[in-house]
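> I'm passing along structure_39.cif; it holds mmCIF, C-alpha atoms.
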```
data_input
loop_
_atom_site.label_atom_id
_atom_site.label_comp_id
_atom_site.auth_asym_id
_atom_site.auth_seq_id
_atom_site.Cartn_x
_atom_site.Cartn_y
_atom_site.Cartn_z
CA MET L 851 7.63 -16.44 9.39
CA LEU L 852 6.03 -15.41 12.70
CA ASP L 853 2.74 -17.18 13.47
CA ASN L 854 2.74 -16.10 17.13
CA LEU L 855 0.87 -12.79 17.04
CA ASP L 856 2.42 -11.46 20.24
CA ALA L 857 5.91 -12.11 18.88
CA LEU L 858 4.90 -10.53 15.57
CA ALA L 859 3.72 -7.36 17.34
CA GLN L 860 6.96 -7.16 19.32
CA SER L 861 9.09 -7.61 16.19
CA TYR L 862 7.05 -4.95 14.40
CA ALA L 863 7.41 -2.50 17.30
CA ARG L 864 11.18 -3.03 17.32
CA ASP L 865 11.92 -2.91 13.58
CA GLY L 866 8.94 -1.10 12.05
CA TYR L 867 8.20 -4.08 9.80
CA VAL L 868 7.77 -7.84 9.78
CA PHE L 869 8.02 -10.38 6.96
CA PRO L 870 7.40 -12.84 5.45
CA ASN L 871 3.80 -13.63 6.31
CA ARG L 872 1.68 -16.08 4.33
CA ALA L 873 -1.73 -14.76 3.20
CA ILE L 874 -2.71 -17.16 0.42
CA SER L 875 -1.24 -20.08 -1.49
CA ALA L 876 0.88 -19.62 -4.59
CA GLU L 877 -2.04 -21.00 -6.61
CA GLN L 878 -4.43 -18.42 -5.16
CA ALA L 879 -1.89 -15.67 -5.85
CA ALA L 880 -1.71 -16.82 -9.47
CA ASP L 881 -5.50 -16.67 -9.69
CA TYR L 882 -5.63 -13.11 -8.31
CA ARG L 883 -2.84 -12.14 -10.71
CA ALA L 884 -4.83 -13.56 -13.62
CA ARG L 885 -7.90 -11.59 -12.56
CA LEU L 886 -5.85 -8.40 -12.34
CA GLU L 887 -4.26 -8.95 -15.74
CA ALA L 888 -7.67 -9.65 -17.28
CA VAL L 889 -8.81 -6.26 -15.99
CA GLU L 890 -5.64 -4.61 -17.32
CA ALA L 891 -6.30 -6.08 -20.77
CA ALA L 892 -9.93 -4.97 -20.71
CA VAL L 893 -9.14 -1.34 -19.80
CA LYS L 894 -5.87 -0.86 -21.70
CA ASP L 895 -7.50 1.83 -23.88
CA ASP L 896 -9.45 3.47 -21.03
CA PRO L 897 -7.25 5.87 -19.00
CA ALA L 898 -10.03 6.63 -16.50
CA ARG L 899 -10.33 2.99 -15.53
CA ARG L 900 -6.61 2.23 -15.76
CA LYS L 901 -5.80 4.82 -13.10
CA THR L 902 -7.99 3.05 -10.53
CA LEU L 903 -5.33 0.35 -10.23
CA ARG L 904 -2.95 2.93 -8.74
CA ARG L 905 -5.28 4.19 -6.02
CA TYR L 906 -8.43 2.88 -4.30
CA ALA L 907 -8.51 -0.31 -6.34
CA ASN L 908 -10.54 -1.81 -3.48
CA VAL L 909 -13.40 0.58 -4.29
CA VAL L 910 -13.85 -0.65 -7.87
CA LEU L 911 -12.56 -4.25 -7.88
CA ASP L 912 -14.42 -6.82 -5.81
CA PHE L 913 -11.48 -9.21 -5.66
CA VAL L 914 -9.22 -6.49 -4.22
CA ASP L 915 -11.81 -5.70 -1.55
CA GLU L 916 -11.87 -9.46 -0.84
CA ILE L 917 -8.10 -9.52 -0.35
CA THR L 918 -8.19 -6.60 2.11
CA ARG L 919 -10.55 -8.62 4.36
CA LEU L 920 -8.59 -11.89 4.42
CA PRO L 921 -8.23 -13.03 8.07
CA ALA L 922 -4.67 -14.19 7.35
CA ILE L 923 -3.83 -10.52 6.76
CA THR L 924 -6.19 -8.70 9.13
CA ASP L 925 -5.37 -10.99 12.08
CA ARG L 926 -1.76 -9.84 11.89
CA VAL L 927 -2.68 -6.19 11.34
CA ALA L 928 -5.08 -6.36 14.30
CA ALA L 929 -2.24 -7.70 16.47
CA VAL L 930 -0.55 -4.34 15.89
CA LEU L 931 -3.45 -1.88 15.57
CA GLY L 932 -6.39 -3.53 17.36
CA GLU L 933 -9.65 -4.96 16.11
CA ASP L 934 -11.30 -1.91 14.49
CA LEU L 935 -9.69 -1.49 11.08
CA LEU L 936 -10.30 0.81 8.14
CA VAL L 937 -8.59 0.54 4.77
CA LEU L 938 -7.56 4.00 3.66
CA ASP L 939 -6.44 2.77 0.25
CA ALA L 940 -5.38 -0.32 -1.67
CA SER L 941 -3.27 0.11 -4.77
CA PHE L 942 -1.11 -1.94 -7.10
CA PHE L 943 2.61 -1.24 -7.45
CA ILE L 944 3.72 -2.87 -10.68
CA LYS L 945 7.15 -2.90 -12.29
CA GLU L 946 7.21 -4.37 -15.75
CA ALA L 947 9.92 -6.86 -16.69
CA GLN L 948 13.24 -5.10 -17.37
CA SER L 949 11.68 -1.85 -16.19
CA PRO L 950 13.71 1.16 -15.01
CA ASN L 951 10.98 2.17 -12.56
CA TYR L 952 12.04 2.49 -8.95
CA VAL L 953 10.96 3.97 -5.61
CA THR L 954 13.17 6.38 -3.68
CA TRP L 955 13.78 6.22 0.07
CA HIS L 956 10.74 7.80 1.74
CA GLN L 957 8.25 7.68 4.61
CA ASP L 958 4.61 7.14 3.64
CA LEU L 959 2.93 9.14 6.37
CA HIS L 960 4.76 12.33 5.42
CA TYR L 961 2.17 12.95 2.67
CA TRP L 962 -1.04 11.27 3.71
CA GLY L 963 -2.89 14.03 5.55
CA LEU L 964 -3.44 12.03 8.77
CA ASP L 965 -3.12 13.31 12.32
CA GLY L 966 -1.61 10.13 13.79
CA GLU L 967 0.74 7.25 13.03
CA GLU L 968 -1.41 4.20 13.84
CA GLU L 969 -1.16 2.82 10.30
CA VAL L 970 0.12 -0.45 8.88
CA THR L 971 0.74 -1.24 5.22
CA ALA L 972 0.34 -4.83 4.13
CA TRP L 973 2.22 -5.43 0.86
CA LEU L 974 1.05 -8.63 -0.84
CA ALA L 975 3.17 -10.20 -3.59
CA LEU L 976 1.27 -11.57 -6.60
CA SER L 977 4.53 -12.34 -8.41
CA PRO L 978 8.03 -13.00 -7.06
CA ALA L 979 9.42 -9.98 -5.22
CA THR L 980 13.17 -10.55 -5.27
CA CYS L 981 16.28 -8.40 -5.27
CA LYS L 982 16.44 -8.86 -9.03
CA SER L 983 12.80 -7.85 -9.58
CA GLY L 984 13.07 -4.79 -7.33
CA CYS L 985 11.63 -5.88 -3.98
CA MET L 986 11.14 -3.37 -1.21
CA ARG L 987 13.98 -2.53 1.17
CA PHE L 988 13.53 -1.40 4.79
CA VAL L 989 15.81 0.29 7.31
CA PRO L 990 15.19 -1.34 10.74
CA GLY L 991 14.08 1.03 13.49
CA SER L 992 13.74 4.04 11.20
CA HIS L 993 10.02 4.37 12.04
CA ARG L 994 11.01 6.14 15.26
CA GLN L 995 12.00 9.33 13.44
CA THR L 996 10.41 11.87 11.11
CA VAL L 997 12.57 13.53 8.49
CA ASP L 998 12.03 16.13 5.78
CA HIS L 999 11.39 15.12 2.16
CA ARG L 1000 11.92 16.75 -1.21
CA ASP L 1001 10.00 16.28 -4.48
CA THR L 1002 11.73 15.18 -7.68
CA PHE L 1003 8.79 14.39 -9.99
CA ASP L 1004 11.06 11.90 -11.75
CA GLU L 1005 9.00 10.09 -14.40
CA GLU L 1006 10.60 6.73 -13.58
CA ASN L 1007 9.77 7.06 -9.87
CA LEU L 1008 6.55 5.21 -8.97
CA LEU L 1009 5.70 7.65 -6.15
CA THR L 1010 3.14 10.40 -6.71
CA ARG L 1011 5.61 13.26 -6.35
CA GLY L 1012 8.86 11.37 -6.81
CA GLN L 1013 9.37 12.21 -3.14
CA GLU L 1014 12.56 11.24 -1.34
CA LEU L 1015 14.15 11.65 2.05
CA ALA L 1016 16.17 14.83 2.47
CA VAL L 1017 18.85 12.80 4.29
CA GLU L 1018 21.26 10.16 3.06
CA VAL L 1019 20.51 6.51 3.80
CA ASP L 1020 23.38 4.10 4.36
CA GLU L 1021 22.53 1.26 1.97
CA ARG L 1022 24.40 -1.15 4.24
CA ASP L 1023 21.62 -0.73 6.81
CA ALA L 1024 18.90 -1.83 4.38
CA VAL L 1025 17.09 -5.18 4.57
CA ASP L 1026 15.82 -6.73 1.32
CA VAL L 1027 12.16 -7.75 1.63
CA GLU L 1028 12.00 -10.77 -0.65
CA LEU L 1029 8.55 -12.34 -0.91
CA ALA L 1030 7.15 -15.33 -2.77
CA PRO L 1031 3.73 -15.05 -4.44
CA GLY L 1032 1.07 -15.12 -1.73
CA GLU L 1033 3.37 -13.76 0.97
CA PHE L 1034 3.15 -10.28 2.42
CA SER L 1035 5.08 -7.86 4.56
CA LEU L 1036 3.79 -5.39 7.13
CA HIS L 1037 5.43 -2.01 7.55
CA HIS L 1038 4.95 1.19 9.53
CA GLY L 1039 4.18 4.39 7.65
CA ARG L 1040 7.35 6.01 9.02
CA VAL L 1041 9.82 3.25 8.23
CA PHE L 1042 12.37 4.22 5.58
CA HIS L 1043 11.70 2.13 2.49
CA ALA L 1044 12.61 2.07 -1.19
CA SER L 1045 12.95 -0.34 -4.12
CA ASP L 1046 15.23 -0.73 -7.13
CA PRO L 1047 14.35 -1.29 -10.82
CA ASN L 1048 13.13 -4.67 -12.05
CA SER L 1049 15.91 -6.41 -13.99
CA SER L 1050 14.06 -9.75 -14.10
CA ASP L 1051 12.03 -11.21 -16.98
CA ASP L 1052 8.74 -11.21 -15.05
CA ARG L 1053 6.52 -8.42 -13.83
CA ARG L 1054 6.85 -7.50 -10.15
CA ILE L 1055 3.28 -7.12 -8.92
CA GLY L 1056 2.40 -6.05 -5.40
CA LEU L 1057 -0.80 -4.88 -3.75
CA ALA L 1058 -0.26 -2.29 -1.01
CA ILE L 1059 -3.12 -2.16 1.51
CA ARG L 1060 -3.12 0.81 3.90
CA TYR L 1061 -4.82 -0.07 7.20
CA ILE L 1062 -5.57 2.57 9.84
CA VAL L 1063 -7.27 2.49 13.23
CA ALA L 1064 -10.91 3.58 13.20
CA SER L 1065 -10.10 6.40 15.64
CA MET L 1066 -7.70 8.04 13.15
CA LYS L 1067 -8.48 11.58 11.98
CA THR L 1068 -7.31 13.69 9.08
CA ASP L 1069 -4.96 16.58 9.80
CA GLY L 1070 -7.67 19.15 9.15
CA GLY L 1071 -7.36 19.16 5.37
CA ALA L 1072 -9.77 17.65 2.86
CA PRO L 1073 -12.18 15.00 4.18
CA MET L 1074 -11.34 11.45 3.19
CA THR L 1075 -13.11 8.14 2.63
CA ALA L 1076 -12.11 4.72 3.96
CA MET L 1077 -13.50 1.17 3.94
CA LEU L 1078 -14.41 -0.61 7.17
CA VAL L 1079 -13.00 -4.15 6.88
CA ARG L 1080 -12.93 -5.42 10.47
CA GLY L 1081 -14.61 -4.52 13.75
CA GLN L 1082 -16.63 -1.33 14.11
CA ASP L 1083 -16.29 2.37 13.39
CA ARG L 1084 -17.37 4.16 16.57
CA HIS L 1085 -15.81 7.48 15.58
CA GLY L 1086 -17.14 8.61 12.21
CA ASN L 1087 -13.99 10.51 11.26
CA PHE L 1088 -14.04 9.14 7.71
CA THR L 1089 -16.82 8.71 5.19
CA LEU L 1090 -17.29 4.95 4.87
CA ALA L 1091 -17.19 3.54 1.35
CA GLU L 1092 -19.47 0.72 0.30
CA PRO L 1093 -17.89 -2.49 -1.02
CA PRO L 1094 -17.74 -2.65 -4.83
CA GLU L 1095 -20.50 -4.36 -6.77
CA GLY L 1096 -18.14 -6.14 -9.15
CA VAL L 1097 -15.40 -5.04 -11.53
CA MET L 1098 -15.42 -1.32 -12.33
CA THR L 1099 -19.18 -0.92 -12.51
CA ASP L 1100 -20.55 2.50 -13.47
CA ARG L 1101 -21.79 3.04 -9.90
CA ASP L 1102 -18.42 2.27 -8.38
CA MET L 1103 -16.53 4.34 -10.95
CA ALA L 1104 -18.68 7.38 -10.14
CA ARG L 1105 -17.93 6.95 -6.43
CA TYR L 1106 -14.27 6.41 -7.15
CA GLU L 1107 -13.88 9.81 -8.81
CA ALA L 1108 -15.06 11.65 -5.68
CA ILE L 1109 -13.05 9.47 -3.30
CA ALA L 1110 -9.78 9.64 -5.24
CA GLY L 1111 -10.11 13.40 -5.61
CA GLN L 1112 -10.16 13.78 -1.82
CA ARG L 1113 -6.96 11.76 -1.43
CA THR L 1114 -5.21 13.55 -4.27
CA SER L 1115 -5.79 16.86 -2.49
CA ALA L 1116 -4.02 15.50 0.58
CA MET L 1117 -1.17 13.81 -1.32
CA PHE L 1118 -0.25 16.95 -3.28
CA LYS L 1119 -0.73 19.49 -0.51
CA GLY L 1120 2.17 21.94 -0.66
CA ALA L 1121 3.55 20.53 -3.92
CA GLU L 1122 4.71 22.90 -6.64
CA ARG L 1123 2.86 20.80 -9.22
CA SER L 1124 0.86 17.59 -9.52
#
```
The structure in this file should be written as structure tokens.

Amino acid sequence: MLDNLDALAQSYARDGYVFPNRAISAEQAADYRARLEAVEAAVKDDPARRKTLRRYANVVLDFVDEITRLPAITDRVAAVLGEDLLVLDASFFIKEAQSPNYVTWHQDLHYWGLDGEEEVTAWLALSPATCKSGCMRFVPGSHRQTVDHRDTFDEENLLTRGQELAVEVDERDAVDVELAPGEFSLHHGRVFHASDPNSSDDRRIGLAIRYIVASMKTDGGAPMTAMLVRGQDRHGNFTLAEPPEGVMTDRDMARYEAIAGQRTSAMFKGAERS
């Protein structure tokens, strides 16, 4: 665990990722997990509200917005990106116990509709992320290249398009990103990463927070919304979202529909289907 922020930034620049980092205690992670699972139980019969957990959860859940602003996370992100930080998105990646769901090798930024690469994803574990439960895997140094992708639309793939690299990855190069509850990793949007199915008896729950510099722009496609969480926005390239009022209030749900629609347009640009 790197507490020296200069050393962290150097390690990140070299490998395209750094882990583990401690954000909160195991007890706090358990509390956030309980709050999430209470929401899941409350909306289990409401598809419109259930889908918010998979994109822009920080717009409709106050405790997710709270997590995105934790100094223990943003201090480390700022060491890489600088003080002015927007959150483009925060979404849960959940694999149920004994689930076949997986994530193919891919690069995030290939599909996000941004004109730059100054982005860092913080992936916070709310349950044990182990090899058995399907933790993420990174290929060191792979963030220095951009490769083509292909869509599979595999129903067991957790990615929006089932996207995967159009090149073979040597599994021997991969590093397993095991995290205890309350720990998080940071990774570059170009680093090759994937994860295997969950063969454990517990859910694997992670919150992926996508931080970008305030000077970032879209690539000329649909406008997008982001949340200012640290510093200032002196550029105005994104519509700034307001923090949520509580848990999936009617006001926040109405705003979510417009915001998520913008991002969906970018994510599925050029796809044969959605």
> Which value, in Å to one decimal, gives the distance between atom CA of L:Ala884 and atom CA of L:Gly1039?
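It comes out at 29.3 Å.
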> Take the PyMOL selection byres ((chain L and resi 904) around 12), apply it to the structure above, and return the hits as a ChimeraX atom specification.
/L:890,897-903,905-910,939-944,1008-1010,1055-1059,1106,1110,1114
> Which one is closest to L:Ser983: L:His1043, L:Arg872, L:Arg1105, L:Arg1053? Count all atoms listed in the file.
L:Arg1053
> What separation in Å, quoted to one decimal, exists between atom CA of L:Tyr961 and atom CA of L:Gly984?
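One can read the atom CA of L:Tyr961 to atom CA of L:Gly984 distance as 23.1 Å.
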> Please evaluate the PyMOL selection byres ((chain L and resi 1063) around 12) against the displayed coordinates and give the resulting residues as JSON, numbers by chain.
{"L": [924, 927, 928, 929, 930, 931, 932, 933, 934, 935, 936, 937, 938, 964, 965, 966, 967, 968, 969, 970, 971, 1060, 1061, 1062, 1064, 1065, 1066, 1067, 1068, 1076, 1077, 1078, 1079, 1080, 1081, 1082, 1083, 1084, 1085, 1086, 1087, 1088]}
> Would you mind reading off the distance between atom CA of L:Asn871 and atom CA of L:His960, one decimal, in Å?
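According to the coordinates, atom CA of L:Asn871 and atom CA of L:His960 are separated by 26.0 Å.
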> Assuming the chain letters and numbering stay as they are in my file, what does the PyMOL selection byres ((chain L and resi 874) around 8) actually select? List them as a list in words.
Arg872, Ala873, Ser875, Ala876, Gln878, Ala879, Ala922, Gly1032 and Glu1033 of chain L
> Using all atoms listed in the file, which residue out of L:Ser977, L:Thr1089, L:Thr1099, L:Thr954 lies closest to L:Ala1044?
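Looking only at the distances to L:Ala1044, the closest residue turns out to be L:Thr954.
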> Using only C-alpha atoms, which residue out of L:Val868, L:Glu1018, L:Lys945, L:Gly991 lies closest to L:Asp1046?
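So, comparing all the options, the nearest one is L:Lys945.
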> Could you check which of L:Leu1029, L:Ala863, L:Val1097, L:Leu959 is closest to L:Ala975, using only C-alpha atoms?
L:Leu1029
